[in-house]
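Raw contents of start32.tsv, TSV, C-alpha atoms:
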```
chain	number	residue	atom	x	y	z
B	1480	MET	CA	0.00	0.00	0.00
B	1481	VAL	CA	2.67	2.48	-1.00
B	1482	THR	CA	1.67	5.52	-3.00
B	1483	HIS	CA	4.19	7.15	-5.24
B	1484	SER	CA	2.28	10.38	-5.69
B	1485	ASN	CA	2.00	13.32	-3.36
B	1486	THR	CA	-1.65	12.64	-2.61
B	1487	PRO	CA	-2.30	12.05	1.08
B	1488	LEU	CA	-3.56	8.68	2.26
B	1489	ARG	CA	-7.06	8.24	3.64
B	1490	ALA	CA	-7.44	7.10	7.25
B	1491	SER	CA	-8.28	3.52	6.23
B	1492	GLN	CA	-5.22	3.41	3.95
B	1493	ARG	CA	-2.99	4.68	6.77
B	1494	LYS	CA	-4.35	1.99	9.10
B	1495	ASP	CA	-3.75	-0.70	6.49
B	1496	LEU	CA	-0.22	0.59	5.92
B	1497	GLN	CA	0.45	0.61	9.65
B	1498	ARG	CA	-0.87	-2.96	9.99
B	1499	GLN	CA	1.37	-4.09	7.14
B	1500	LYS	CA	4.41	-2.48	8.76
B	1501	LEU	CA	3.58	-4.04	12.13
B	1502	LYS	CA	3.14	-7.49	10.58
B	1503	ARG	CA	6.47	-7.11	8.79
B	1504	GLN	CA	8.12	-6.07	12.07
B	1505	VAL	CA	6.63	-9.07	13.90
B	1506	ARG	CA	7.84	-11.44	11.17
B	1507	LEU	CA	11.30	-9.90	11.29
B	1508	SER	CA	11.39	-10.14	15.08
B	1509	SER	CA	10.34	-13.80	15.02
B	1510	THR	CA	12.92	-14.52	12.33
B	1511	MET	CA	15.62	-12.84	14.44
B	1512	LEU	CA	14.65	-15.03	17.40
B	1513	LEU	CA	14.88	-18.16	15.26
B	1514	CYS	CA	18.24	-17.07	13.80
B	1515	ILE	CA	19.68	-16.39	17.26
B	1516	ILE	CA	18.59	-19.85	18.38
B	1517	LEU	CA	19.98	-21.62	15.29
B	1518	ILE	CA	23.31	-19.76	15.25
B	1519	THR	CA	23.81	-20.35	18.97
B	1520	TRP	CA	22.94	-24.03	18.60
B	1521	LEU	CA	25.40	-24.44	15.72
B	1522	ILE	CA	28.21	-22.71	17.62
B	1523	ASP	CA	27.43	-24.59	20.82
B	1524	ALA	CA	27.27	-27.97	19.11
B	1525	SER	CA	30.38	-27.52	17.00
B	1526	VAL	CA	32.75	-25.39	19.08
B	1527	LEU	CA	31.73	-25.08	22.71
B	1528	ASN	CA	30.35	-28.57	23.47
B	1529	SER	CA	28.55	-27.27	26.58
B	1530	LYS	CA	25.70	-29.79	26.24
B	1531	LEU	CA	23.43	-26.99	24.99
B	1532	LEU	CA	23.71	-25.02	28.25
B	1533	ILE	CA	24.77	-21.87	26.37
B	1534	THR	CA	22.09	-22.39	23.72
B	1535	GLN	CA	19.42	-22.81	26.38
B	1536	GLY	CA	20.47	-19.62	28.17
B	1537	ILE	CA	20.67	-17.48	25.05
B	1538	THR	CA	17.36	-18.85	23.78
B	1539	LEU	CA	15.60	-18.07	27.05
B	1540	GLY	CA	17.06	-14.56	27.21
B	1541	ALA	CA	16.09	-13.81	23.62
B	1542	PHE	CA	12.61	-15.26	24.18
B	1543	ILE	CA	12.05	-13.06	27.24
B	1544	ASN	CA	12.92	-10.01	25.15
B	1545	TRP	CA	10.79	-11.14	22.21
B	1546	LEU	CA	7.76	-11.78	24.43
B	1547	ALA	CA	8.04	-8.44	26.20
B	1548	GLN	CA	8.45	-6.51	22.93
B	1549	SER	CA	5.52	-8.36	21.35
B	1550	ILE	CA	3.22	-7.54	24.24
B	1551	PHE	CA	4.33	-3.91	24.15
B	1552	ALA	CA	3.74	-3.65	20.39
B	1553	GLY	CA	0.34	-5.28	20.67
B	1554	LEU	CA	-0.78	-2.76	23.27
B	1555	VAL	CA	0.71	0.34	21.68
B	1556	PHE	CA	-0.48	-0.26	18.13
B	1557	ARG	CA	-4.04	-1.08	19.13
B	1558	TYR	CA	-5.19	2.49	18.46
B	1559	THR	CA	-4.36	4.78	15.54
B	1560	GLY	CA	-5.21	8.29	14.43
B	1561	ALA	CA	-5.09	11.77	15.84
B	1562	GLN	CA	-8.37	11.37	17.72
B	1563	ALA	CA	-6.97	8.45	19.71
B	1564	LYS	CA	-3.84	10.29	20.87
B	1565	HIS	CA	-4.79	10.06	24.56
B	1566	SER	CA	-5.52	6.36	24.24
B	1567	ILE	CA	-2.20	5.82	22.45
B	1568	VAL	CA	-0.24	7.59	25.18
B	1569	GLY	CA	-2.07	5.64	27.87
B	1570	GLN	CA	-1.35	2.38	26.07
B	1571	MET	CA	2.34	3.31	25.80
B	1572	TYR	CA	2.56	3.77	29.56
B	1573	LEU	CA	0.63	0.57	30.20
B	1574	GLY	CA	2.74	-1.25	27.60
B	1575	GLN	CA	6.00	-0.14	29.24
B	1576	ILE	CA	4.80	-1.23	32.68
B	1577	ILE	CA	3.66	-4.64	31.42
B	1578	LYS	CA	6.85	-5.02	29.38
B	1579	TRP	CA	9.04	-4.49	32.45
B	1580	VAL	CA	6.88	-6.81	34.55
B	1581	VAL	CA	7.28	-9.51	31.88
B	1582	VAL	CA	11.06	-8.94	31.70
B	1583	ILE	CA	11.60	-9.01	35.47
B	1584	SER	CA	9.31	-11.97	36.05
B	1585	GLY	CA	10.83	-13.77	33.06
B	1586	PHE	CA	14.36	-13.37	34.39
B	1587	GLY	CA	13.20	-14.39	37.87
B	1588	LEU	CA	11.43	-17.46	36.56
B	1589	VAL	CA	14.42	-18.51	34.45
B	1590	PHE	CA	16.99	-18.01	37.20
B	1591	PHE	CA	14.96	-19.68	39.92
B	1592	ALA	CA	13.28	-22.50	38.01
B	1593	ILE	CA	15.93	-23.72	35.58
B	1594	LYS	CA	19.06	-25.31	37.00
B	1595	PRO	CA	21.77	-25.39	35.69
B	1596	ILE	CA	21.62	-22.19	33.67
B	1597	SER	CA	24.28	-19.85	32.37
B	1598	ALA	CA	23.33	-16.39	33.65
B	1599	GLY	CA	25.70	-14.70	31.23
B	1600	ALA	CA	24.14	-16.52	28.31
B	1601	VAL	CA	20.63	-15.47	29.35
B	1602	ILE	CA	21.67	-11.83	29.61
B	1603	PHE	CA	23.61	-12.04	26.33
B	1604	GLY	CA	20.55	-13.51	24.58
B	1605	PHE	CA	18.39	-10.70	25.92
B	1606	ILE	CA	20.88	-8.07	24.75
B	1607	ALA	CA	21.34	-9.73	21.35
B	1608	MET	CA	17.61	-9.69	20.75
B	1609	GLN	CA	17.39	-6.06	21.89
B	1610	MET	CA	20.15	-5.10	19.46
B	1611	GLY	CA	18.22	-6.89	16.73
B	1612	HIS	CA	15.15	-4.82	17.59
B	1613	PHE	CA	17.19	-1.60	17.41
B	1614	ILE	CA	18.61	-2.56	14.02
B	1615	SER	CA	15.24	-3.55	12.63
B	1616	LEU	CA	13.58	-0.34	13.82
B	1617	TRP	CA	16.43	1.70	12.36
B	1618	LYS	CA	15.99	-0.13	9.06
B	1619	PHE	CA	12.25	0.56	8.89
B	1620	ARG	CA	12.59	4.33	9.38
```

For the structure just supplied, provide its representation as C-alpha cells.
Amino acid sequence: MVTHSNTPLRASQRKDLQRQKLKRQVRLSSTMLLCIILITWLIDASVLNSKLLITQGITLGAFINWLAQSIFAGLVFRYTGAQAKHSIVGQMYLGQIIKWVVVISGFGLVFFAIKPISAGAVIFGFIAMQMGHFISLWKFR
C-alpha cells in the first residue's frame, strides 16, 4: 500500500499501511529469534560442546525479550489516528509497565526455576535480541 504520488492517504489506507508495517516487524522479530537460536545451537554444538547449556540460556534470554516486545507492540499499536492520541499515550505507559513486569518476572522465573543455567548466556541472549530490535527499527525508518 505504497503511493508514489504526493496525494495524502485516507485514514483507512494509513491503518492498512500501519498494519502491514507491524506485521512485517513481527515477522522480522520472530525470524531474528529463530536465527539467534539456530546460530547459537550451531556454535554450541560444533565449538563449545557445553551440552546446549549456552544455547538454552541465550534462547531463554532472547525469548524473554521477544515476548516483552511483542506484548508492548500489541498494546501500543491497538489504536491509531489523531483522535486516539490520549488512548495511544495511555497504552504506551501501560505497555512499558507490562513489558518491564514480563522482563523481570521472566528473568526471575528462568533463574529460579531452571538449573543449571548460564546467567551470562541469558543476559547475552536478551541483549542480542534487543540489538536486533534496534537494528530492525532503524531499518524501517

field: Best match for closeness to Gln1570 of chain B among B:Gly1611, B:Pro1595, B:Gly1553, B:Gly1585, counting only C-alpha atoms
entry: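 Result for the nearest residue to Gln1570 of chain B: B:Gly1553.
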
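For Ser1597 of chain B, the set of protein, DNA and RNA residues having any atom at most 8 Å away, when counting only C-alpha atoms and skipping those fewer than 5 positions along the same chain, is B:Leu1532, B:Ile1533, B:Gly1536.
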
Separation of atom CA of Arg1503 of chain B from atom CA of His1565 of chain B, in Å and rounded to one decimal: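 Interatomic distance, atom CA of Arg1503 of chain B to atom CA of His1565 of chain B: 25.9 Å.
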
message: What does the structure give for the distance between atom CA of Ser1584 of chain B and atom CA of Ser1529 of chain B, in Å to one decimal?
response: 26.3 Å

Could you give me, as a short mmCIF file (atom, residue, chain, number, x, y, z; two decimals) with C-alpha atoms, keeping the file's coordinate frame, the residues within 12 Å of Lys1530 of chain B, counting only C-alpha atoms and dropping anything in the same chain fewer than 3 positions from it?
```cif
data_model
loop_
_atom_site.label_atom_id
_atom_site.label_comp_id
_atom_site.auth_asym_id
_atom_site.auth_seq_id
_atom_site.Cartn_x
_atom_site.Cartn_y
_atom_site.Cartn_z
CA TRP B 1520 22.94 -24.03 18.60
CA LEU B 1521 25.40 -24.44 15.72
CA ILE B 1522 28.21 -22.71 17.62
CA ASP B 1523 27.43 -24.59 20.82
CA ALA B 1524 27.27 -27.97 19.11
CA SER B 1525 30.38 -27.52 17.00
CA VAL B 1526 32.75 -25.39 19.08
CA LEU B 1527 31.73 -25.08 22.71
CA ILE B 1533 24.77 -21.87 26.37
CA THR B 1534 22.09 -22.39 23.72
CA GLN B 1535 19.42 -22.81 26.38
CA GLY B 1536 20.47 -19.62 28.17
CA PRO B 1595 21.77 -25.39 35.69
CA ILE B 1596 21.62 -22.19 33.67
CA SER B 1597 24.28 -19.85 32.37
#
```

field: Atomic separation - atom CA of Lys1578 of chain B relative to atom CA of Gln1548 of chain B, Å
entry: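 Those two atoms sit 6.8 Å apart.
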
query: Hey, which of B:Trp1579, B:Arg1557, B:Tyr1572, B:Met1610 ends up closest to Lys1494 of chain B? Count all atoms listed in the file.
result: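 Of B:Trp1579, B:Arg1557, B:Tyr1572, B:Met1610, the one nearest Lys1494 of chain B is B:Arg1557, counting all atoms listed in the file.
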
- request: Return the single residue from B:Ala1541, B:Leu1517, B:Val1580, B:Leu1512 that is closest to Gly1604 of chain B, with distances computed using all atoms listed in the file.
  value: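 Checking each of B:Ala1541, B:Leu1517, B:Val1580, B:Leu1512 against Gly1604 of chain B, counting all atoms listed in the file, the winner is B:Ala1541.
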
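For the set B:Ser1566, B:Ser1549, B:Thr1510, B:Thr1519, the residue with the smallest atom-to-atom gap to Ile1537 of chain B is B:Thr1519, counting all atoms listed in the file.
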
Output requested as a PDB file, in the frame of the given file - segment 1519-1536 of chain B, filled out with N, CA, C and O atoms.
```pdb
ATOM      1  N   THR B1519      23.274 -19.942  17.671  1.00  0.00           N
ATOM      2  CA  THR B1519      23.810 -20.350  18.970  1.00  0.00           C
ATOM      3  C   THR B1519      23.914 -21.866  19.062  1.00  0.00           C
ATOM      4  O   THR B1519      24.908 -22.397  19.564  1.00  0.00           O
ATOM      5  N   TRP B1520      22.910 -22.564  18.564  1.00  0.00           N
ATOM      6  CA  TRP B1520      22.940 -24.030  18.600  1.00  0.00           C
ATOM      7  C   TRP B1520      24.087 -24.568  17.757  1.00  0.00           C
ATOM      8  O   TRP B1520      24.807 -25.481  18.187  1.00  0.00           O
ATOM      9  N   LEU B1521      24.299 -23.985  16.573  1.00  0.00           N
ATOM     10  CA  LEU B1521      25.400 -24.440  15.720  1.00  0.00           C
ATOM     11  C   LEU B1521      26.756 -24.195  16.381  1.00  0.00           C
ATOM     12  O   LEU B1521      27.631 -25.066  16.369  1.00  0.00           O
ATOM     13  N   ILE B1522      26.940 -23.017  16.956  1.00  0.00           N
ATOM     14  CA  ILE B1522      28.210 -22.710  17.620  1.00  0.00           C
ATOM     15  C   ILE B1522      28.404 -23.590  18.840  1.00  0.00           C
ATOM     16  O   ILE B1522      29.492 -24.114  19.080  1.00  0.00           O
ATOM     17  N   ASP B1523      27.341 -23.775  19.613  1.00  0.00           N
ATOM     18  CA  ASP B1523      27.430 -24.590  20.820  1.00  0.00           C
ATOM     19  C   ASP B1523      27.721 -26.049  20.488  1.00  0.00           C
ATOM     20  O   ASP B1523      28.542 -26.691  21.141  1.00  0.00           O
ATOM     21  N   ALA B1524      27.076 -26.570  19.474  1.00  0.00           N
ATOM     22  CA  ALA B1524      27.270 -27.970  19.110  1.00  0.00           C
ATOM     23  C   ALA B1524      28.626 -28.232  18.475  1.00  0.00           C
ATOM     24  O   ALA B1524      29.226 -29.282  18.691  1.00  0.00           O
ATOM     25  N   SER B1525      29.142 -27.270  17.711  1.00  0.00           N
ATOM     26  CA  SER B1525      30.380 -27.520  17.000  1.00  0.00           C
ATOM     27  C   SER B1525      31.635 -27.053  17.733  1.00  0.00           C
ATOM     28  O   SER B1525      32.676 -27.691  17.627  1.00  0.00           O
ATOM     29  N   VAL B1526      31.552 -25.969  18.472  1.00  0.00           N
ATOM     30  CA  VAL B1526      32.750 -25.390  19.080  1.00  0.00           C
ATOM     31  C   VAL B1526      32.787 -25.550  20.596  1.00  0.00           C
ATOM     32  O   VAL B1526      33.779 -26.015  21.164  1.00  0.00           O
ATOM     33  N   LEU B1527      31.707 -25.176  21.259  1.00  0.00           N
ATOM     34  CA  LEU B1527      31.730 -25.080  22.710  1.00  0.00           C
ATOM     35  C   LEU B1527      31.494 -26.407  23.427  1.00  0.00           C
ATOM     36  O   LEU B1527      32.022 -26.621  24.513  1.00  0.00           O
ATOM     37  N   ASN B1528      30.679 -27.278  22.859  1.00  0.00           N
ATOM     38  CA  ASN B1528      30.350 -28.570  23.470  1.00  0.00           C
ATOM     39  C   ASN B1528      29.913 -28.430  24.930  1.00  0.00           C
ATOM     40  O   ASN B1528      30.355 -29.164  25.799  1.00  0.00           O
ATOM     41  N   SER B1529      29.016 -27.499  25.204  1.00  0.00           N
ATOM     42  CA  SER B1529      28.550 -27.270  26.580  1.00  0.00           C
ATOM     43  C   SER B1529      27.243 -28.007  26.868  1.00  0.00           C
ATOM     44  O   SER B1529      26.540 -27.656  27.807  1.00  0.00           O
ATOM     45  N   LYS B1530      26.934 -29.010  26.078  1.00  0.00           N
ATOM     46  CA  LYS B1530      25.700 -29.790  26.240  1.00  0.00           C
ATOM     47  C   LYS B1530      24.465 -28.897  26.189  1.00  0.00           C
ATOM     48  O   LYS B1530      23.536 -29.046  26.970  1.00  0.00           O
ATOM     49  N   LEU B1531      24.513 -27.933  25.279  1.00  0.00           N
ATOM     50  CA  LEU B1531      23.430 -26.990  24.990  1.00  0.00           C
ATOM     51  C   LEU B1531      23.078 -26.073  26.160  1.00  0.00           C
ATOM     52  O   LEU B1531      22.010 -25.473  26.177  1.00  0.00           O
ATOM     53  N   LEU B1532      23.947 -25.937  27.140  1.00  0.00           N
ATOM     54  CA  LEU B1532      23.710 -25.020  28.250  1.00  0.00           C
ATOM     55  C   LEU B1532      23.721 -23.570  27.776  1.00  0.00           C
ATOM     56  O   LEU B1532      22.863 -22.769  28.167  1.00  0.00           O
ATOM     57  N   ILE B1533      24.680 -23.232  26.908  1.00  0.00           N
ATOM     58  CA  ILE B1533      24.770 -21.870  26.370  1.00  0.00           C
ATOM     59  C   ILE B1533      23.575 -21.597  25.456  1.00  0.00           C
ATOM     60  O   ILE B1533      22.965 -20.531  25.518  1.00  0.00           O
ATOM     61  N   THR B1534      23.231 -22.558  24.624  1.00  0.00           N
ATOM     62  CA  THR B1534      22.090 -22.390  23.720  1.00  0.00           C
ATOM     63  C   THR B1534      20.801 -22.183  24.503  1.00  0.00           C
ATOM     64  O   THR B1534      19.988 -21.319  24.162  1.00  0.00           O
ATOM     65  N   GLN B1535      20.622 -22.941  25.549  1.00  0.00           N
ATOM     66  CA  GLN B1535      19.420 -22.810  26.380  1.00  0.00           C
ATOM     67  C   GLN B1535      19.353 -21.426  27.008  1.00  0.00           C
ATOM     68  O   GLN B1535      18.308 -20.782  26.997  1.00  0.00           O
ATOM     69  N   GLY B1536      20.457 -20.941  27.541  1.00  0.00           N
ATOM     70  CA  GLY B1536      20.470 -19.620  28.170  1.00  0.00           C
ATOM     71  C   GLY B1536      20.197 -18.504  27.186  1.00  0.00           C
ATOM     72  O   GLY B1536      19.383 -17.609  27.458  1.00  0.00           O
TER      73      GLY B1536
END
```
